Each structure stands twice: as structure tokens, then as C-alpha cells.
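Chemist: Provided below: entry_12.cif, containing mmCIF, C-alpha atoms.
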```
data_final
loop_
_atom_site.group_PDB
_atom_site.id
_atom_site.type_symbol
_atom_site.label_atom_id
_atom_site.label_comp_id
_atom_site.auth_asym_id
_atom_site.auth_seq_id
_atom_site.Cartn_x
_atom_site.Cartn_y
_atom_site.Cartn_z
ATOM 1 C CA MET D 1 0.000 0.000 0.000
ATOM 2 C CA ALA D 2 2.931 2.421 0.590
ATOM 3 C CA LEU D 3 3.755 2.493 -3.132
ATOM 4 C CA LEU D 4 0.151 3.439 -3.916
ATOM 5 C CA ASP D 5 0.344 6.231 -1.320
ATOM 6 C CA VAL D 6 3.503 7.592 -2.930
ATOM 7 C CA GLY D 7 1.775 7.416 -6.321
ATOM 8 C CA VAL D 8 -1.156 9.420 -4.951
ATOM 9 C CA MET D 9 1.282 11.979 -3.563
ATOM 10 C CA PHE D 10 3.144 12.409 -6.868
ATOM 11 C CA ALA D 11 -0.131 12.578 -8.821
ATOM 12 C CA ALA D 12 -1.460 15.274 -6.483
ATOM 13 C CA ILE D 13 1.774 17.258 -6.817
ATOM 14 C CA ALA D 14 1.618 16.974 -10.620
ATOM 15 C CA VAL D 15 -2.005 18.155 -10.697
ATOM 16 C CA ALA D 16 -1.187 21.049 -8.340
ATOM 17 C CA GLY D 17 1.791 22.069 -10.496
ATOM 18 C CA ALA D 18 -0.251 21.912 -13.694
ATOM 19 C CA LEU D 19 -3.059 23.933 -12.123
ATOM 20 C CA ALA D 20 -0.630 26.575 -10.833
ATOM 21 C CA ASP D 21 1.010 26.810 -14.259
ATOM 22 C CA ARG D 22 -2.359 27.107 -15.981
ATOM 23 C CA LEU D 23 -3.399 29.894 -13.598
ATOM 24 C CA GLY D 24 -0.016 31.623 -14.002
ATOM 25 C CA GLN D 25 0.725 31.385 -10.277
ATOM 26 C CA SER D 26 3.650 30.134 -8.229
ATOM 27 C CA VAL D 27 3.475 26.423 -7.405
ATOM 28 C CA ILE D 28 4.451 26.916 -3.749
ATOM 29 C CA PRO D 29 0.964 27.714 -2.335
ATOM 30 C CA PHE D 30 -0.493 24.830 -4.332
ATOM 31 C CA TYR D 31 2.143 22.435 -2.981
ATOM 32 C CA ILE D 32 1.433 23.627 0.550
ATOM 33 C CA LEU D 33 -2.302 23.000 0.094
ATOM 34 C CA VAL D 34 -1.635 19.520 -1.322
ATOM 35 C CA GLY D 35 0.688 18.725 1.588
ATOM 36 C CA MET D 36 -1.904 19.860 4.093
ATOM 37 C CA GLY D 37 -4.706 18.052 2.290
ATOM 38 C CA LEU D 38 -2.869 14.763 2.060
ATOM 39 C CA GLY D 39 -1.606 14.968 5.626
ATOM 40 C CA GLU D 40 -2.923 12.616 8.232
ATOM 41 C CA TYR D 41 -4.895 15.335 10.004
ATOM 42 C CA VAL D 42 -7.036 16.385 7.030
ATOM 43 C CA LEU D 43 -7.771 13.629 4.527
ATOM 44 C CA GLY D 44 -5.913 11.026 6.544
ATOM 45 C CA ARG D 45 -8.938 10.622 8.767
ATOM 46 C CA VAL D 46 -11.236 10.182 5.770
ATOM 47 C CA SER D 47 -11.289 6.720 4.254
ATOM 48 C CA LEU D 48 -11.534 6.798 0.480
ATOM 49 C CA PRO D 49 -12.850 3.642 -1.233
ATOM 50 C CA VAL D 50 -10.212 3.561 -3.968
ATOM 51 C CA VAL D 51 -7.094 4.351 -1.977
ATOM 52 C CA GLY D 52 -8.136 3.176 1.467
ATOM 53 C CA THR D 53 -6.804 6.350 3.006
ATOM 54 C CA ALA D 54 -5.692 9.500 1.253
ATOM 55 C CA ALA D 55 -2.939 10.309 3.715
ATOM 56 C CA VAL D 56 0.632 9.608 2.793
ATOM 57 C CA PRO D 57 2.292 8.257 5.920
ATOM 58 C CA GLU D 58 5.631 9.667 7.020
ATOM 59 C CA THR D 59 7.965 6.969 5.778
ATOM 60 C CA GLU D 60 11.736 7.039 5.389
ATOM 61 C CA PHE D 61 11.225 7.634 1.667
ATOM 62 C CA ILE D 62 9.019 10.680 2.281
ATOM 63 C CA ALA D 63 11.377 12.092 4.938
ATOM 64 C CA LEU D 64 14.377 11.667 2.618
ATOM 65 C CA GLY D 65 12.428 13.208 -0.269
ATOM 66 C CA ALA D 66 11.511 16.216 1.877
ATOM 67 C CA GLU D 67 15.123 16.728 2.959
ATOM 68 C CA LEU D 68 16.402 16.417 -0.602
ATOM 69 C CA GLY D 69 13.715 18.837 -1.780
ATOM 70 C CA ILE D 70 14.915 21.442 0.705
ATOM 71 C CA VAL D 71 18.570 20.939 -0.268
ATOM 72 C CA PHE D 72 17.758 21.257 -3.989
ATOM 73 C CA LEU D 73 15.609 24.331 -3.368
ATOM 74 C CA LEU D 74 18.346 26.027 -1.348
ATOM 75 C CA PHE D 75 20.921 25.141 -4.024
ATOM 76 C CA PHE D 76 18.611 26.581 -6.680
ATOM 77 C CA LEU D 77 18.109 29.740 -4.628
ATOM 78 C CA GLY D 78 21.858 30.116 -4.155
ATOM 79 C CA LEU D 79 22.192 30.353 -7.922
ATOM 80 C CA GLU D 80 19.955 33.450 -7.882
ATOM 81 C CA PHE D 81 22.060 35.386 -5.346
ATOM 82 C CA ASN D 82 24.930 37.405 -6.712
ATOM 83 C CA LEU D 83 27.207 38.222 -3.779
ATOM 84 C CA ASP D 84 28.972 41.095 -5.556
ATOM 85 C CA ARG D 85 25.701 42.869 -6.342
ATOM 86 C CA LEU D 86 24.429 42.298 -2.806
ATOM 87 C CA LEU D 87 27.647 43.743 -1.339
ATOM 88 C CA ALA D 88 27.435 46.738 -3.674
ATOM 89 C CA ARG D 89 24.013 47.555 -2.201
ATOM 90 C CA ARG D 90 24.904 46.733 1.408
ATOM 91 C CA SER D 91 23.955 50.151 2.797
ATOM 92 C CA GLN D 92 20.549 50.047 1.099
ATOM 93 C CA ILE D 93 20.032 46.446 2.239
ATOM 94 C CA GLY D 94 21.187 47.265 5.770
ATOM 95 C CA THR D 95 18.744 50.164 5.994
ATOM 96 C CA ALA D 96 15.843 48.108 4.630
ATOM 97 C CA GLY D 97 16.713 45.167 6.882
ATOM 98 C CA THR D 98 16.925 47.361 9.959
ATOM 99 C CA ILE D 99 13.559 48.960 9.163
ATOM 100 C CA ASP D 100 12.184 45.427 8.641
ATOM 101 C CA LEU D 101 13.174 44.662 12.260
ATOM 102 C CA ALA D 102 10.142 46.731 13.278
ATOM 103 C CA ASN D 103 8.090 43.619 12.486
ATOM 104 C CA PHE D 104 9.961 41.817 15.257
ATOM 105 C CA GLY D 105 9.003 44.556 17.696
ATOM 106 C CA VAL D 106 5.363 44.392 16.600
ATOM 107 C CA GLY D 107 5.382 40.623 17.143
ATOM 108 C CA LEU D 108 6.969 41.045 20.578
ATOM 109 C CA VAL D 109 4.313 43.543 21.667
ATOM 110 C CA PHE D 110 1.518 41.388 20.241
ATOM 111 C CA GLY D 111 2.890 38.270 21.941
ATOM 112 C CA TRP D 112 3.176 40.124 25.261
ATOM 113 C CA LEU D 113 -0.402 41.410 24.971
ATOM 114 C CA VAL D 114 -1.749 37.935 24.197
ATOM 115 C CA PHE D 115 0.372 35.824 26.563
ATOM 116 C CA GLY D 116 1.704 38.279 29.144
ATOM 117 C CA ALA D 117 5.071 36.536 29.374
ATOM 118 C CA PHE D 118 8.422 37.082 27.681
ATOM 119 C CA LEU D 119 9.135 33.617 26.221
ATOM 120 C CA PRO D 120 5.865 33.204 24.275
ATOM 121 C CA ALA D 121 6.115 36.848 23.193
ATOM 122 C CA PHE D 122 9.692 36.256 21.969
ATOM 123 C CA LEU D 123 8.600 33.186 20.000
ATOM 124 C CA ILE D 124 5.641 35.026 18.451
ATOM 125 C CA ALA D 125 7.992 37.887 17.509
ATOM 126 C CA GLY D 126 10.155 35.448 15.535
ATOM 127 C CA ILE D 127 7.123 34.062 13.743
ATOM 128 C CA VAL D 128 5.827 37.526 12.845
ATOM 129 C CA TYR D 129 9.249 38.752 11.739
ATOM 130 C CA ILE D 130 10.596 36.053 9.462
ATOM 131 C CA SER D 131 9.770 35.658 5.799
ATOM 132 C CA SER D 132 10.549 32.491 3.936
ATOM 133 C CA SER D 133 13.450 33.288 1.639
ATOM 134 C CA ALA D 134 12.845 30.074 -0.254
ATOM 135 C CA VAL D 135 9.157 30.747 -0.867
ATOM 136 C CA ILE D 136 9.652 34.391 -1.832
ATOM 137 C CA THR D 137 12.577 33.713 -4.159
ATOM 138 C CA LYS D 138 10.828 30.768 -5.823
ATOM 139 C CA SER D 139 7.721 32.920 -6.272
ATOM 140 C CA LEU D 140 9.800 35.720 -7.828
ATOM 141 C CA ILE D 141 11.318 33.208 -10.238
ATOM 142 C CA ASP D 142 8.003 31.511 -11.074
ATOM 143 C CA LEU D 143 6.267 34.823 -11.733
ATOM 144 C CA GLY D 144 9.182 36.163 -13.796
ATOM 145 C CA TRP D 145 9.824 39.067 -11.409
ATOM 146 C CA ILE D 146 13.391 38.069 -10.518
ATOM 147 C CA ALA D 147 14.775 40.427 -13.195
ATOM 148 C CA ASN D 148 12.847 43.445 -11.859
ATOM 149 C CA ASP D 149 14.803 46.234 -10.203
ATOM 150 C CA GLU D 150 13.003 45.647 -6.883
ATOM 151 C CA ALA D 151 14.058 42.010 -6.704
ATOM 152 C CA GLU D 152 17.675 42.679 -5.777
ATOM 153 C CA PRO D 153 17.035 44.780 -2.635
ATOM 154 C CA LEU D 154 14.237 42.399 -1.710
ATOM 155 C CA LEU D 155 16.599 39.438 -1.915
ATOM 156 C CA GLY D 156 19.146 41.405 0.090
ATOM 157 C CA THR D 157 16.576 42.063 2.803
ATOM 158 C CA LEU D 158 15.831 38.334 2.882
ATOM 159 C CA VAL D 159 19.533 37.629 3.401
ATOM 160 C CA TYR D 160 19.524 40.173 6.254
ATOM 161 C CA GLU D 161 16.490 38.404 7.775
ATOM 162 C CA ASP D 162 18.181 35.024 7.431
ATOM 163 C CA LEU D 163 21.282 36.268 9.246
ATOM 164 C CA PHE D 164 19.170 37.777 12.034
ATOM 165 C CA ILE D 165 17.007 34.684 12.369
ATOM 166 C CA ALA D 166 20.082 32.454 12.727
ATOM 167 C CA VAL D 167 21.029 34.386 15.857
ATOM 168 C CA TYR D 168 17.390 34.501 16.978
ATOM 169 C CA LEU D 169 16.995 30.719 16.669
ATOM 170 C CA SER D 170 20.105 30.182 18.787
ATOM 171 C CA VAL D 171 18.728 32.432 21.513
ATOM 172 C CA ALA D 172 15.217 30.963 21.237
ATOM 173 C CA SER D 173 16.595 27.417 21.485
ATOM 174 C CA ALA D 174 18.576 28.312 24.585
ATOM 175 C CA LEU D 175 15.515 29.914 26.175
ATOM 176 C CA VAL D 176 13.151 27.061 25.337
ATOM 177 C CA LEU D 177 15.539 24.261 26.249
ATOM 178 C CA GLY D 178 16.859 26.077 29.303
ATOM 179 C CA ASP D 179 13.460 26.486 31.020
ATOM 180 C CA GLY D 180 12.839 29.861 29.385
ATOM 181 C CA ASP D 181 13.902 31.809 32.472
ATOM 182 C CA VAL D 182 14.922 35.335 31.578
#
```
Please go through the file and, once you have read it, give me the structure as C-alpha cells.
Modeler:
Amino acid sequence: MALLDVGVMFAAIAVAGALADRLGQSVIPFYILVGMGLGEYVLGRVSLPVVGTAAVPETEFIALGAELGIVFLLFFLGLEFNLDRLLARRSQIGTAGTIDLANFGVGLVFGWLVFGAFLPAFLIAGIVYISSSAVITKSLIDLGWIANDEAEPLLGTLVYEDLFIAVYLSVASALVLGDGDV
């Protein structure tokens, strides 16, 4: 039955990709919807007569495929970044990235208002702040906007976010794993 589940997964991904292409949209949101739909908590609890269950169980094959997909996506994204051009615009990128940090502050205030404690507020701030570099870059490529003048500073701001979030994740991990006492 596992081979049939993998077949259902690949068929769903192919249909989602074709639909996204036909609509002239990025495939990423469609892939996310397919992943959610085929997950065990949505269609996995619904028994379909043909397949038995629509959910694709987390097998070693699926886990390896997911990890390889991330590695290939990051490799692909690395091809789009030109370090020399990013360094040439470092002051513009630094300014935009620093202004973008306001989102972290908004998330921190929101988290404090909702939870009234530092650790949950700090975690919410990270969620509110970060953008997915992979999703945004892939969307820019899919929509043909990567060559636009705005794309370069946008990609630079994403690099700034990624550098900030690396430090943030280290601090967040220490707080969560170390009882969260501040």
C-alpha cells in the first residue's frame, strides 16, 4: 500500500503544479495545500474507497524526499544570489533590513499582549518577523519578477532576515531548552 500512497502523492503534486502553471501562479501555495490536504490530520482521517486512506504516511522515503527537496531548493536559490551585487548595495540592504526589524518589535508587543510573558512573546515575535526566503525567491522566479529592479534589494533584505534569524533561533533554542527563564 505504501507504493500506492507515494503514487497518490506524486499525482497530487503533478495536478497542483499543472493547475498553478495554468493559472499563471507560483506552485508553492499549491504544494502547501496539497501537503496539508494529504496529511494525516485532514484527509488522513477520511477513508476513500479507492485508496483506502488519502494520507501519505511519514515513511523514510518521504522524509528523505523532503530533505532532498529542501537541499535542492536552497541550491537553486543560491544560484539566484549574486554576492557582488548584494555587497554593492549593502547600505541600502542594511537600511531596509533594519527597518524590517520593526516587524519583530510588533510581534513582541503582540505576543506580550496575548500571553503576558516574555518567552511566548519572543517566539511570536520570531514568527511575525521572518519571511521564507525560499518561498519568496521561488515565487519571484516563477512569476518572472526576478529580473525586476526591486528584486535585488528584496533578496538582500531576505539575506539580512536570514542572518538575524540564525542568531534569533540560537537564543530561542537556549531559552526554550533552558526552562525559558529570563
Chemist: For D:Asp142, which residue out of D:Gly24, D:Gly126, D:Gly94, D:Gly107 is the nearest one, using all atoms listed in the file?
Modeler: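 Smallest separation from D:Asp142 among the options: D:Gly24.
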Chemist: Would you kindly translate the PyMOL selection byres ((chain D and resi 158) around 12) into the concrete residues it picks from this file, as an MDAnalysis selection string?
Modeler: chainID D and resid 77 81 86 93:94 96:98 100:101 129:137 151:157 159:165
Chemist: With all atoms listed in the file as the basis for distance, which of D:Ser173, D:Ser26, D:Ser91, D:Ser139 is at the shortest distance from D:Leu123?
Modeler: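 Nearest candidate to D:Leu123 out of D:Ser173, D:Ser26, D:Ser91, D:Ser139: D:Ser173.
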Chemist: Between atom CA of D:Val109 and atom CA of D:Val128, measure the distance and give it in Å to one decimal.
Modeler: 10.8 Å
Chemist: Taking all atoms listed in the file into account, which of D:Gly178, D:Leu169, D:Pro29, D:Gln92 comes nearest D:Ala125?
Modeler: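 Closest candidate: D:Leu169.
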Chemist: Starting from the displayed file, determine the output of the PyMOL selection byres ((chain D and resi 110) around 12) and express the residue list as a ChimeraX atom specification.
Modeler: /D:103-109,111-118,120-129
Chemist: Please, what distance in Å, to one decimal, runs between atom CA of D:Glu150 and atom CA of D:Leu19?
Modeler: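 Atom CA of D:Leu19 lies 27.5 Å from atom CA of D:Glu150.
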Chemist: Counting only C-alpha atoms, which residue out of D:Asp84, D:Leu119, D:Gly144, D:Val34 sits closest to D:Val15?
Modeler: D:Val34
Chemist: May I ask for the distance between atom CA of D:Phe30 and atom CA of D:Gly17, given in Å to one decimal place?
Modeler: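 Between atom CA of D:Phe30 and atom CA of D:Gly17 the gap is 7.1 Å.
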Chemist: When distances are computed from all atoms listed in the file, which of D:Ile32, D:Ile141, D:Leu4, D:Ala88 shows the smallest separation from D:Ala16?
Modeler: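 Looking at the shortest contact to D:Ala16, the residue is D:Ile32.
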